[in-house]
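work.tsv follows (TSV, C-alpha atoms):
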chain	number	residue	atom	x	y	z
A	955	MET	CA	-11.04	15.87	-16.57
A	956	PRO	CA	-13.94	13.75	-17.92
A	957	HIS	CA	-11.40	11.27	-19.30
A	958	LEU	CA	-9.30	11.35	-16.13
A	959	LEU	CA	-12.33	10.63	-13.93
A	960	ARG	CA	-14.18	8.31	-16.33
A	961	SER	CA	-14.52	5.39	-13.89
A	962	LEU	CA	-16.52	7.64	-11.52
A	963	ARG	CA	-19.48	7.34	-13.88
A	964	HIS	CA	-20.09	3.95	-12.26
A	965	ARG	CA	-22.28	4.33	-9.15
A	966	ASN	CA	-20.60	1.63	-7.07
A	967	PHE	CA	-17.16	3.05	-7.70
A	968	ARG	CA	-18.36	6.57	-6.78
A	969	LEU	CA	-19.64	5.28	-3.46
A	970	PHE	CA	-16.43	3.37	-2.79
A	971	PHE	CA	-14.29	6.35	-3.80
A	972	CYS	CA	-16.04	8.79	-1.45
A	973	GLY	CA	-16.19	6.42	1.51
A	974	GLN	CA	-12.59	5.31	1.06
A	975	MET	CA	-11.37	8.90	0.88
A	976	LEU	CA	-12.49	9.71	4.42
A	977	SER	CA	-11.45	6.32	5.76
A	978	MET	CA	-7.90	6.55	4.35
A	979	ILE	CA	-7.34	10.04	5.77
A	980	GLY	CA	-8.22	8.62	9.17
A	981	THR	CA	-5.96	5.61	8.61
A	982	TRP	CA	-2.93	7.81	7.85
A	983	MET	CA	-3.64	9.98	10.89
A	984	HIS	CA	-3.76	6.81	12.99
A	985	GLN	CA	-0.52	5.44	11.51
A	986	ILE	CA	1.48	8.62	12.10
A	987	ALA	CA	0.10	8.96	15.63
A	988	ALA	CA	0.94	5.33	16.45
A	989	MET	CA	4.51	5.57	15.16
A	990	TRP	CA	5.10	8.86	16.97
A	991	LEU	CA	3.67	7.41	20.19
A	992	VAL	CA	6.06	4.46	19.98
A	993	TYR	CA	9.02	6.81	19.46
A	994	ARG	CA	7.87	9.20	22.22
A	995	LEU	CA	7.49	6.38	24.74
A	996	SER	CA	10.69	4.49	23.81
A	997	GLY	CA	13.05	6.76	21.84
A	998	SER	CA	14.22	3.62	20.01
A	999	ALA	CA	14.72	3.23	16.23
A	1000	ALA	CA	14.74	-0.55	16.68
A	1001	LEU	CA	11.28	-0.44	18.29
A	1002	LEU	CA	10.09	1.76	15.43
A	1003	GLY	CA	11.29	-0.94	13.04
A	1004	LEU	CA	9.51	-3.57	15.14
A	1005	ALA	CA	6.32	-1.49	15.09
A	1006	GLY	CA	6.57	-1.16	11.31
A	1007	PHE	CA	7.10	-4.92	11.12
A	1008	ALA	CA	4.02	-5.61	13.26
A	1009	SER	CA	1.89	-3.17	11.26
A	1010	GLN	CA	2.26	-5.10	8.00
A	1011	ILE	CA	3.74	-8.56	8.53
A	1012	SER	CA	0.32	-10.27	8.39
A	1013	MET	CA	0.09	-9.16	4.77
A	1014	LEU	CA	2.96	-11.51	3.99
A	1015	VAL	CA	1.92	-14.45	6.18
A	1016	ILE	CA	-1.88	-14.38	6.06
A	1017	ALA	CA	-2.84	-12.54	2.85
A	1018	PRO	CA	-2.03	-15.46	0.49
A	1019	PHE	CA	-4.48	-17.68	2.42
A	1020	ALA	CA	-6.98	-14.84	2.69
A	1021	GLY	CA	-6.96	-14.65	-1.10
A	1022	ILE	CA	-8.28	-18.24	-1.21
A	1023	LEU	CA	-11.25	-17.18	0.91
A	1024	CYS	CA	-11.84	-14.21	-1.40
A	1025	ASP	CA	-12.19	-16.66	-4.29
A	1026	ARG	CA	-14.61	-18.81	-2.25
A	1027	TRP	CA	-16.64	-16.36	-0.14
A	1028	ASN	CA	-18.70	-13.25	-0.83
A	1029	ARG	CA	-16.11	-10.46	-1.14
A	1030	HIS	CA	-18.60	-7.73	-0.25
A	1031	ARG	CA	-19.37	-9.38	3.09
A	1032	ILE	CA	-15.66	-9.83	3.75
A	1033	LEU	CA	-15.18	-6.06	3.30
A	1034	LEU	CA	-18.06	-5.25	5.66
A	1035	THR	CA	-16.55	-7.54	8.31
A	1036	THR	CA	-12.99	-6.25	8.00
A	1037	GLN	CA	-14.00	-2.58	8.12
A	1038	SER	CA	-16.12	-3.18	11.22
A	1039	LEU	CA	-13.25	-4.95	12.97
A	1040	ALA	CA	-10.85	-2.15	12.01
A	1041	LEU	CA	-13.20	0.38	13.59
A	1042	ALA	CA	-13.22	-1.64	16.84
A	1043	GLN	CA	-9.42	-1.90	16.86
A	1044	SER	CA	-8.90	1.82	16.42
A	1045	PHE	CA	-11.50	2.68	19.08
A	1046	THR	CA	-9.86	0.32	21.58
A	1047	LEU	CA	-6.44	1.95	21.12
A	1048	ALA	CA	-8.08	5.37	21.49
A	1049	ILE	CA	-9.55	4.32	24.84
A	1050	LEU	CA	-6.17	3.02	26.06
A	1051	ALA	CA	-4.50	6.29	25.10
A	1052	ALA	CA	-7.27	8.42	26.57
A	1053	THR	CA	-7.08	6.67	29.95
A	1054	GLY	CA	-3.30	7.09	30.10
A	1055	VAL	CA	-2.51	3.39	30.48
A	1056	VAL	CA	-1.14	2.87	26.96
A	1057	GLN	CA	2.31	1.28	26.67
A	1058	VAL	CA	4.55	0.51	23.71
A	1059	TRP	CA	3.46	-3.12	23.58
A	1060	HIS	CA	-0.20	-2.02	23.42
A	1061	VAL	CA	0.51	0.06	20.32
A	1062	ILE	CA	2.54	-2.69	18.64
A	1063	ALA	CA	-0.14	-5.28	19.43
A	1064	ALA	CA	-2.84	-2.99	18.00
A	1065	MET	CA	-0.76	-2.51	14.86
A	1066	PHE	CA	-0.42	-6.28	14.47
A	1067	ILE	CA	-4.19	-6.72	14.84
A	1068	ALA	CA	-4.78	-4.01	12.23
A	1069	SER	CA	-2.31	-5.76	9.93
A	1070	THR	CA	-4.18	-9.05	10.30
A	1071	ILE	CA	-7.49	-7.38	9.48
A	1072	ASN	CA	-5.94	-5.68	6.47
A	1073	ALA	CA	-4.57	-9.02	5.25
A	1074	PHE	CA	-8.17	-10.10	4.61
A	1075	ASP	CA	-9.40	-6.67	3.53
A	1076	MET	CA	-6.89	-5.83	0.80
A	1077	PRO	CA	-7.28	-8.95	-1.41
A	1078	ALA	CA	-11.07	-8.63	-1.16
A	1079	ARG	CA	-10.95	-4.92	-1.98
A	1080	GLN	CA	-8.63	-5.37	-4.94
A	1081	SER	CA	-10.75	-8.24	-6.26
A	1082	MET	CA	-13.91	-6.12	-6.05
A	1083	PHE	CA	-12.77	-3.55	-8.62
A	1084	VAL	CA	-14.20	-5.67	-11.45
A	1085	HIS	CA	-17.60	-5.29	-9.74
A	1086	PHE	CA	-17.22	-1.59	-8.98
A	1087	VAL	CA	-16.99	-0.78	-12.72
A	1088	GLU	CA	-19.35	-2.41	-15.21
A	1089	ASP	CA	-17.08	-1.67	-18.19
A	1090	ARG	CA	-13.75	-3.56	-18.02
A	1091	ALA	CA	-12.19	-0.84	-20.20
A	1092	ASP	CA	-12.46	1.49	-17.18
A	1093	LEU	CA	-10.64	-0.93	-14.84
A	1094	PRO	CA	-7.13	0.57	-15.30
A	1095	ASN	CA	-8.54	4.04	-14.65
A	1096	ALA	CA	-10.38	2.84	-11.52
A	1097	ILE	CA	-7.18	1.28	-10.15
A	1098	ALA	CA	-5.22	4.46	-10.88
A	1099	LEU	CA	-7.90	6.67	-9.30
A	1100	ASN	CA	-7.92	4.43	-6.22
A	1101	SER	CA	-4.15	4.83	-5.93
A	1102	MET	CA	-4.57	8.58	-6.38
A	1103	LEU	CA	-7.22	8.60	-3.63
A	1104	MET	CA	-5.07	6.65	-1.20
A	1105	ASN	CA	-2.11	8.91	-1.76
A	1106	SER	CA	-4.20	12.06	-1.61
A	1107	ALA	CA	-5.13	10.78	1.84
A	1108	ARG	CA	-1.41	10.33	2.55
A	1109	LEU	CA	-0.93	13.95	1.49
A	1110	VAL	CA	-3.65	15.24	3.83
A	1111	GLY	CA	-3.75	12.74	6.71
A	1112	PRO	CA	-0.16	12.98	8.02
A	1113	ALA	CA	-0.18	16.79	7.84
A	1114	ILE	CA	-3.39	16.89	9.89
A	1115	ALA	CA	-1.96	14.27	12.25
A	1116	GLY	CA	1.16	16.34	12.89
A	1117	LEU	CA	-0.94	19.37	13.83
A	1118	VAL	CA	-3.38	17.35	15.95
A	1119	ILE	CA	-0.60	15.50	17.81
A	1120	THR	CA	1.18	18.77	18.59
A	1121	ALA	CA	-2.00	20.47	19.78
A	1122	PHE	CA	-4.00	17.65	21.41
A	1123	GLY	CA	-1.92	14.46	21.50
A	1124	GLU	CA	-2.19	11.11	19.73
A	1125	THR	CA	-5.53	10.13	21.29
A	1126	VAL	CA	-7.61	12.44	19.09
A	1127	CYS	CA	-6.09	10.89	15.95
A	1128	PHE	CA	-7.14	7.42	17.09
A	1129	PHE	CA	-10.71	8.57	17.78
A	1130	LEU	CA	-10.97	10.33	14.42
A	1131	ASN	CA	-9.76	7.23	12.62
A	1132	ALA	CA	-12.41	5.10	14.33
A	1133	LEU	CA	-15.06	7.60	13.21
A	1134	SER	CA	-13.77	7.58	9.62
A	1135	TYR	CA	-14.60	3.88	9.20
A	1136	VAL	CA	-18.29	4.76	9.37
A	1137	ALA	CA	-17.97	6.44	5.94
A	1138	ILE	CA	-16.73	3.33	4.13
A	1139	LEU	CA	-19.28	1.12	5.89
A	1140	ILE	CA	-22.11	3.38	4.69
A	1141	ALA	CA	-20.68	3.31	1.16
A	1142	LEU	CA	-20.45	-0.49	1.12
A	1143	LEU	CA	-23.99	-0.90	2.43
A	1144	SER	CA	-25.32	1.51	-0.23
A	1145	MET	CA	-23.89	-0.36	-3.23
A	1146	ARG	CA	-26.02	-2.18	-5.79
A	1147	LEU	CA	-24.07	-5.30	-6.61
A	1148	PRO	CA	-24.88	-8.42	-8.63
A	1149	LEU	CA	-25.34	-11.57	-6.64
A	1150	LEU	CA	-21.73	-12.31	-5.74
A	1151	THR	CA	-21.95	-16.05	-5.26
A	1152	ARG	CA	-19.06	-18.45	-5.37
A	1153	LYS	CA	-19.09	-22.05	-6.52
A	1154	THR	CA	-18.67	-24.58	-3.76
A	1155	ALA	CA	-15.00	-25.45	-3.69
A	1156	ALA	CA	-14.28	-29.07	-4.54
A	1157	THR	CA	-10.74	-28.88	-3.23
A	1158	SER	CA	-9.13	-28.11	0.12
A	1159	VAL	CA	-7.78	-24.72	1.12
A	1160	TRP	CA	-4.23	-26.06	0.92
A	1161	HIS	CA	-4.82	-27.37	-2.61
A	1162	SER	CA	-6.26	-24.01	-3.67
A	1163	PHE	CA	-3.28	-22.25	-2.12
A	1164	ARG	CA	-0.82	-24.41	-4.06
A	1165	GLU	CA	-2.86	-24.00	-7.23
A	1166	GLY	CA	-2.69	-20.20	-6.89
A	1167	LEU	CA	1.06	-20.29	-6.28
A	1168	ARG	CA	1.65	-22.59	-9.24
A	1169	TYR	CA	-0.41	-20.36	-11.51
A	1170	ALA	CA	1.32	-17.17	-10.36
A	1171	PHE	CA	4.88	-18.44	-10.50
A	1172	ALA	CA	4.43	-20.48	-13.69
A	1173	THR	CA	3.22	-17.38	-15.54
A	1174	LYS	CA	6.37	-15.42	-16.32
A	1175	PRO	CA	4.93	-11.87	-16.33
A	1176	ILE	CA	3.21	-12.42	-12.97
A	1177	ARG	CA	6.38	-13.92	-11.50
A	1178	TRP	CA	8.51	-10.99	-12.66
A	1179	LEU	CA	6.07	-8.33	-11.52
A	1180	LEU	CA	5.74	-9.84	-8.04
A	1181	ALA	CA	9.53	-10.14	-7.70
A	1182	ILE	CA	10.11	-6.53	-8.76
A	1183	LEU	CA	7.39	-5.26	-6.43
A	1184	ALA	CA	8.62	-7.26	-3.42
A	1185	THR	CA	12.22	-6.09	-3.85
A	1186	VAL	CA	11.30	-2.42	-4.24
A	1187	SER	CA	8.94	-2.63	-1.26
A	1188	PHE	CA	11.63	-4.26	0.92
A	1189	LEU	CA	14.11	-1.49	0.14
A	1190	ILE	CA	11.99	1.66	-0.03
A	1191	ASN	CA	8.96	1.22	2.24
A	1192	ALA	CA	11.09	1.28	5.43
A	1193	TYR	CA	11.26	5.08	5.21
A	1194	VAL	CA	7.72	5.42	6.64
A	1195	PRO	CA	8.16	3.67	10.03
A	1196	LEU	CA	11.70	5.05	10.45
A	1197	MET	CA	10.76	8.64	9.62
A	1198	PRO	CA	10.30	9.69	13.29
A	1199	ALA	CA	13.89	8.57	13.97
A	1200	PHE	CA	15.23	10.48	10.95
A	1201	VAL	CA	13.32	13.60	11.97
A	1202	GLY	CA	14.41	13.36	15.59
A	1203	GLU	CA	18.08	12.44	15.05
A	1204	VAL	CA	19.00	14.12	11.77
A	1205	LEU	CA	16.61	17.04	11.32
A	1206	GLN	CA	16.03	17.51	15.09
A	1207	ARG	CA	12.36	18.39	14.63
A	1208	ASP	CA	9.03	17.23	16.07
A	1209	ALA	CA	5.87	15.37	14.97
A	1210	ARG	CA	4.78	18.21	12.68
A	1211	THR	CA	7.84	17.60	10.49
A	1212	VAL	CA	7.10	13.86	10.41
A	1213	GLY	CA	3.62	14.71	9.17
A	1214	THR	CA	4.76	17.16	6.51
A	1215	LEU	CA	7.44	14.79	5.18
A	1216	ILE	CA	5.00	11.90	4.82
A	1217	SER	CA	2.55	14.33	3.22
A	1218	CYS	CA	5.19	15.35	0.68
A	1219	ALA	CA	5.70	11.68	-0.16
A	1220	GLY	CA	1.94	11.56	-0.68
A	1221	LEU	CA	2.18	14.59	-2.98
A	1222	GLY	CA	4.64	12.73	-5.21
A	1223	ALA	CA	2.40	9.68	-5.15
A	1224	VAL	CA	-0.65	11.73	-6.14
A	1225	PHE	CA	1.24	13.25	-9.06
A	1226	GLY	CA	2.25	9.78	-10.23
A	1227	THR	CA	-1.24	8.34	-10.03
A	1228	VAL	CA	-2.72	11.35	-11.87
A	1229	LEU	CA	-0.32	10.59	-14.73
A	1230	LEU	CA	-1.42	6.95	-14.72
A	1231	ALA	CA	-5.13	7.80	-14.51
A	1232	ALA	CA	-4.86	10.12	-17.52
A	1233	ARG	CA	-3.34	7.38	-19.67
A	1234	ARG	CA	-5.35	5.32	-22.14
A	1235	GLY	CA	-4.83	1.57	-22.05
A	1236	THR	CA	-1.89	-0.37	-20.65
A	1237	GLN	CA	0.77	0.20	-23.31
A	1238	HIS	CA	4.18	1.35	-22.05
A	1239	LEU	CA	3.32	0.57	-18.41
A	1240	ALA	CA	6.52	-1.49	-18.17
A	1241	THR	CA	8.50	1.63	-19.13
A	1242	PHE	CA	6.60	3.67	-16.53
A	1243	LEU	CA	7.47	1.00	-13.96
A	1244	ARG	CA	11.21	1.11	-14.68
A	1245	VAL	CA	11.41	4.91	-14.72
A	1246	ALA	CA	9.41	5.26	-11.50
A	1247	GLN	CA	11.57	2.69	-9.72
A	1248	SER	CA	14.72	4.58	-10.74
A	1249	ILE	CA	13.27	7.90	-9.56
A	1250	GLY	CA	12.26	6.46	-6.18
A	1251	ALA	CA	15.69	4.86	-5.64
A	1252	LEU	CA	17.53	8.05	-6.54
A	1253	GLY	CA	15.24	10.10	-4.30
A	1254	LEU	CA	15.86	7.84	-1.28
A	1255	THR	CA	19.64	7.87	-1.86
A	1256	LEU	CA	19.80	11.67	-2.00
A	1257	PHE	CA	17.39	11.94	0.95
A	1258	ALA	CA	19.77	9.83	3.05
A	1259	LEU	CA	22.73	12.06	2.15
A	1260	ASN	CA	20.87	15.26	3.02
A	1261	SER	CA	20.26	16.95	6.37
A	1262	GLY	CA	18.48	20.12	5.21
A	1263	LEU	CA	14.82	20.56	6.08
A	1264	TRP	CA	13.49	21.99	2.81
A	1265	LEU	CA	15.57	19.76	0.55
A	1266	SER	CA	14.36	16.75	2.53
A	1267	HIS	CA	10.77	17.71	1.70
A	1268	LEU	CA	11.58	17.98	-2.02
A	1269	LEU	CA	13.48	14.68	-2.19
A	1270	ILE	CA	10.83	12.67	-0.36
A	1271	VAL	CA	8.39	13.69	-3.11
A	1272	LEU	CA	10.49	11.60	-5.51
A	1273	VAL	CA	10.40	8.62	-3.14
A	1274	GLY	CA	6.61	8.77	-2.85
A	1275	PHE	CA	6.25	9.10	-6.64
A	1276	GLY	CA	8.49	6.13	-7.34
A	1277	MET	CA	7.00	3.74	-4.81
A	1278	ILE	CA	3.35	4.26	-5.65
A	1279	VAL	CA	3.79	4.28	-9.44
A	1280	VAL	CA	5.66	0.96	-9.23
A	1281	GLY	CA	2.80	-0.45	-7.13
A	1282	ALA	CA	0.05	0.94	-9.39
A	1283	CYS	CA	1.76	-0.26	-12.58
A	1284	CYS	CA	2.18	-3.76	-11.16
A	1285	ASN	CA	-1.43	-3.75	-9.94
A	1286	THR	CA	-2.83	-2.75	-13.34
A	1287	LEU	CA	-0.67	-5.25	-15.23
A	1288	LEU	CA	-1.58	-8.08	-12.85
A	1289	GLN	CA	-5.30	-7.27	-13.05
A	1290	THR	CA	-5.01	-7.36	-16.85
A	1291	ILE	CA	-3.19	-10.70	-16.91
A	1292	VAL	CA	-4.93	-12.75	-14.21
A	1293	GLU	CA	-7.82	-15.14	-14.83
A	1294	ASP	CA	-10.93	-14.17	-12.86
A	1295	ASP	CA	-11.27	-17.41	-10.88
A	1296	LYS	CA	-7.75	-16.87	-9.54
A	1297	ARG	CA	-8.01	-13.11	-9.08
A	1298	GLY	CA	-8.33	-13.21	-5.29
A	1299	ARG	CA	-5.29	-15.43	-4.87
A	1300	VAL	CA	-3.08	-13.44	-7.24
A	1301	MET	CA	-4.13	-10.12	-5.71
A	1302	SER	CA	-3.35	-11.53	-2.27
A	1303	LEU	CA	0.16	-12.25	-3.55
A	1304	TYR	CA	0.27	-8.68	-4.82
A	1305	ALA	CA	-0.71	-7.47	-1.34
A	1306	ALA	CA	1.97	-9.70	0.21
A	1307	ALA	CA	4.62	-8.35	-2.17
A	1308	PHE	CA	3.61	-4.68	-1.95
A	1309	ILE	CA	2.78	-4.43	1.75
A	1310	GLY	CA	3.76	-7.71	3.39
A	1311	VAL	CA	7.44	-7.63	2.42
A	1312	GLY	CA	7.81	-4.02	3.62
A	1313	PRO	CA	7.76	-4.87	7.35
A	1314	ILE	CA	10.69	-7.25	6.94
A	1315	GLY	CA	12.58	-4.39	5.32
A	1316	ALA	CA	11.50	-2.12	8.18
A	1317	LEU	CA	12.71	-4.63	10.78
A	1318	VAL	CA	16.08	-5.07	9.08
A	1319	SER	CA	16.48	-1.34	8.44
A	1320	GLY	CA	15.52	-0.58	12.04
A	1321	GLN	CA	18.33	-2.80	13.31
A	1322	ILE	CA	20.80	-1.19	10.88
A	1323	ALA	CA	19.62	2.28	11.96
A	1324	GLU	CA	20.04	1.36	15.63
A	1325	ALA	CA	23.60	0.17	15.03
A	1326	PHE	CA	24.88	2.61	12.39
A	1327	GLY	CA	22.36	5.46	12.23
A	1328	VAL	CA	19.19	6.02	10.25
A	1329	GLN	CA	20.97	7.94	7.47
A	1330	ARG	CA	23.23	4.96	6.70
A	1331	ALA	CA	20.24	2.62	6.70
A	1332	PHE	CA	18.41	4.78	4.15
A	1333	LEU	CA	21.58	5.16	2.07
A	1334	LEU	CA	22.09	1.39	1.87
A	1335	ASN	CA	18.47	0.83	0.79
A	1336	GLY	CA	18.64	3.56	-1.84
A	1337	ALA	CA	21.91	2.26	-3.30
A	1338	LEU	CA	20.58	-1.32	-3.56
A	1339	CYS	CA	17.40	-0.05	-5.21
A	1340	LEU	CA	19.49	1.86	-7.76
A	1341	LEU	CA	21.34	-1.38	-8.51
A	1342	LEU	CA	17.97	-3.08	-9.14
A	1343	ALA	CA	17.06	-0.24	-11.51
A	1344	LEU	CA	20.15	-1.02	-13.57
A	1345	VAL	CA	19.20	-4.70	-13.71
A	1346	LEU	CA	15.68	-3.85	-14.89
A	1347	HIS	CA	17.04	-1.53	-17.53
A	1348	ALA	CA	19.29	-4.32	-18.84
A	1349	GLN	CA	16.29	-6.71	-18.95
A	1350	ARG	CA	13.79	-4.22	-20.39
A	1351	GLN	CA	13.32	-5.97	-23.75
A	1352	ARG	CA	12.76	-9.35	-22.13
A	1353	LEU	CA	10.14	-7.92	-19.77
A	1354	GLN	CA	8.34	-6.11	-22.58
A	1355	GLN	CA	8.22	-9.28	-24.68
A	1356	MET	CA	6.64	-11.21	-21.80
A	1357	LEU	CA	3.97	-8.55	-21.27
A	1358	GLN	CA	3.22	-7.83	-24.92
A	1359	PRO	CA	0.62	-10.62	-25.45
A	1360	TYR	CA	-1.52	-9.04	-22.71
A	1361	LEU	CA	-1.07	-5.43	-23.82
A	1362	THR	CA	-2.05	-5.76	-27.49
A	1363	PRO	CA	-5.70	-5.21	-28.47
A	1364	ARG	CA	-6.15	-8.99	-28.78
A	1365	GLY	CA	-4.30	-9.70	-25.55
A	1366	GLY	CA	-6.08	-9.99	-22.26
A	1367	ALA	CA	-6.73	-12.20	-19.30
A	1368	GLY	CA	-5.99	-15.74	-20.24
A	1369	ALA	CA	-3.45	-15.02	-22.97
A	1370	VAL	CA	-0.59	-17.46	-22.90
A	1371	ALA	CA	2.88	-16.32	-21.81
A	1372	LYS	CA	4.21	-19.22	-19.79
Go ahead and express the file in the form of structure tokens.
Amino acid sequence: MPHLLRSLRHRNFRLFFCGQMLSMIGTWMHQIAAMWLVYRLSGSAALLGLAGFASQISMLVIAPFAGILCDRWNRHRILLTTQSLALAQSFTLAILAATGVVQVWHVIAAMFIASTINAFDMPARQSMFVHFVEDRADLPNAIALNSMLMNSARLVGPAIAGLVITAFGETVCFFLNALSYVAILIALLSMRLPLLTRKTAATSVWHSFREGLRYAFATKPIRWLLAILATVSFLINAYVPLMPAFVGEVLQRDARTVGTLISCAGLGAVFGTVLLAARRGTQHLATFLRVAQSIGALGLTLFALNSGLWLSHLLIVLVGFGMIVVGACCNTLLQTIVEDDKRGRVMSLYAAAFIGVGPIGALVSGQIAEAFGVQRAFLLNGALCLLLALVLHAQRQRLQQMLQPYLTPRGGAGAVAK
């Protein structure tokens, strides 16, 4: 345990970890409640796909430009601003639901606003990890523990949301999420950080944006990792917004089952991040990435072919494991490779690939589910993801050779692998 939790010896990371834990539980409660509310009001899988699209599309469109600001502005202040705005957004939706005037378009609009806020928050948060831990050797552990925290919240939050929605309705979930943001705000205000100044930029935002893109896509390992992550996210992440449709049409259950299924995905994700957090160094992460991607693809394929309640819960564990381990492996490898003055821009591209591409997959999968059924939509995504796993397996030596300069004791940020 001391080795597994070694990054918690840093005070700033302890504060962030505790505040983020409560905040993420509230966020997952809010997300499940919002998706269930859309399905309850409309009964449409296509609108669920649209809601999933609205909840994350800003990560694709805005996050790359937000990363430029993270490299120019004080990242700590950006986080304080985004968390405050997220609190206001959640409280507003809670008021609309409490007064009984809420409509589907209100929920989708609120999800789009939350997505826009998160597009600025995520690159800043990912870029701050180097300041949360004073010892760079603890950075991979901090990233893994953060993934474990977020998925522990996914284990707890949806299960609580399912019970709360059944007993009290969606409104209580929205209010609890608004309250949870207070925890992360207190944590951020309590941190002792070095003076996080940024040099005055001599170039325009557009020039900085192009510079970040050129750097990311001219560096082969970064280009490969972003492509893998975006493809897996497009194919697998659609299961979250479409889960109410699968539960309603295939399993013929209610919001409690939606909550327990998403929680089981969180259980698989927690298991995966515990394995990553217990590891020393970054060796063999490319192998972890390939194996996890194969497990997630196989899990989604079998999940689509199944209509049993208990087997569905077991198979979704594999999906959660695969998706989050792919994301965490890519995150750790990118943080190891990237130069610090471009960290915000590269991590914004990571956010766009991991979260921003997902809503396009959700929108496409929602249309397929509306036309042919949600099972066929999941089956198609799982089969394509399995095909990608075969491609990665065939290219495993090439990928390992590209990453090797960064993973050896002498490798590190700035090593050349163009």
Counting only C-alpha atoms, closest pick from A:Ile1278, A:Ala1209, A:Val1345, A:Val1318 relative to Thr1120 (chain A) is A:Ala1209
Have a look at A:Ser961, A:Ser1187, A:Asn1072, A:Thr981 and name the one nearest to Pro1112 (chain A); count all atoms listed in the file.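 Nearest candidate to Pro1112 (chain A) out of A:Ser961, A:Ser1187, A:Asn1072, A:Thr981: A:Thr981.
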What are the nearest atom pairs, with distances in Å to one decimal, for all residues of region 1008-1076 of chain A that come at most 9 Å from region 1289-1301 of chain A, using all atoms listed in the file, set out by chain and rising residue number as a Markdown table?
| residue | atom | partner | partner_atom | distance |
| --- | --- | --- | --- | --- |
| A:Ala1017 | CA | A:Arg1299 | CA | 8.6 |
| A:Pro1018 | CA | A:Arg1299 | CA | 6.3 |
| A:Phe1019 | CA | A:Arg1299 | CA | 7.7 |
| A:Ala1020 | CA | A:Arg1299 | CA | 7.8 |
| A:Gly1021 | CA | A:Arg1299 | CA | 4.2 |
| A:Ile1022 | CA | A:Arg1299 | CA | 5.5 |
| A:Leu1023 | CA | A:Gly1298 | CA | 7.9 |
| A:Cys1024 | CA | A:Gly1298 | CA | 5.3 |
| A:Asp1025 | CA | A:Gly1298 | CA | 5.3 |
| A:Arg1026 | CA | A:Gly1298 | CA | 8.9 |
| A:Met1076 | CA | A:Met1301 | CA | 8.3 |
Using only C-alpha atoms, pick whichever of A:Met975, A:Leu1117, A:Arg963, A:Asp1092 has the shortest atom-to-atom distance to Asp1208 (chain A).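 Going through A:Met975, A:Leu1117, A:Arg963, A:Asp1092 one by one, the smallest distance to Asp1208 (chain A) is for A:Leu1117.
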I'd like to know which of A:Cys1127, A:Met1013, A:Ala1170, A:Leu1287 is closest to Pro1359 (chain A), using only C-alpha atoms.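 Of all the options, A:Leu1287 lies closest to Pro1359 (chain A).
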Counting all atoms listed in the file, which residue out of A:Arg1330, A:His1060, A:Arg965, A:Arg1352 sits closest to Arg1146 (chain A)? A:Arg965
Please list, as a VMD selection string, the residues that have an atom at most 12 Å away from (5.3, 16.6, -0.1) in the coordinates of this file, counting all atoms listed in the file. chain A and resid 1105 to 1106 1108 to 1113 1211 to 1225 1264 to 1275
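Between CA of Met1277 (chain A) and CA of Ile1138 (chain A) the separation is 25.4 Å.
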From A:Val1328, A:Ala1096, A:Ile1182, A:Val1136, residue lying nearest Val1204 (chain A) [only C-alpha atoms]: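 Going through A:Val1328, A:Ala1096, A:Ile1182, A:Val1136 one by one, the smallest distance to Val1204 (chain A) is for A:Val1328.
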Interatomic distance (Å, one decimal) between CA of Gly1276 (chain A) and CA of Pro1198 (chain A):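 Separating CA of Gly1276 (chain A) from CA of Pro1198 (chain A) is a distance of 21.0 Å.
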Ref. answer, residues at most 10 Å from (-3.9, 2.2, 21.2) with only C-alpha atoms, as a PyMOL selection string: chain A and resi 984+987-988+991+1043-1052+1055-1065+1124-1125+1128-1129
Could you state the separation of CA of Lys1174 (chain A) and CA of Gln1354 (chain A) in Å, given to one decimal place?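 Here the two named atoms are 11.4 Å from each other.
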Set the distance at 9 Å and use all atoms listed in the file: which residues neighbour Pro1175 (chain A) once local chain neighbours fewer than 5 positions away are removed? I'd like the list as number ranges by chain. A: 1170, 1180, 1287-1288, 1291, 1353, 1356-1357, 1371-1372
Just the selected residues (C-alpha atoms), exported as an mmCIF file, in the frame of the given file, please.
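Result went into result_38.cif, see below:
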data_model
loop_
_atom_site.group_PDB
_atom_site.id
_atom_site.type_symbol
_atom_site.label_atom_id
_atom_site.label_comp_id
_atom_site.auth_asym_id
_atom_site.auth_seq_id
_atom_site.Cartn_x
_atom_site.Cartn_y
_atom_site.Cartn_z
ATOM 1 C CA ALA A 1170 1.320 -17.170 -10.360
ATOM 2 C CA LEU A 1180 5.740 -9.840 -8.040
ATOM 3 C CA LEU A 1287 -0.670 -5.250 -15.230
ATOM 4 C CA LEU A 1288 -1.580 -8.080 -12.850
ATOM 5 C CA ILE A 1291 -3.190 -10.700 -16.910
ATOM 6 C CA LEU A 1353 10.140 -7.920 -19.770
ATOM 7 C CA MET A 1356 6.640 -11.210 -21.800
ATOM 8 C CA LEU A 1357 3.970 -8.550 -21.270
ATOM 9 C CA ALA A 1371 2.880 -16.320 -21.810
ATOM 10 C CA LYS A 1372 4.210 -19.220 -19.790
#
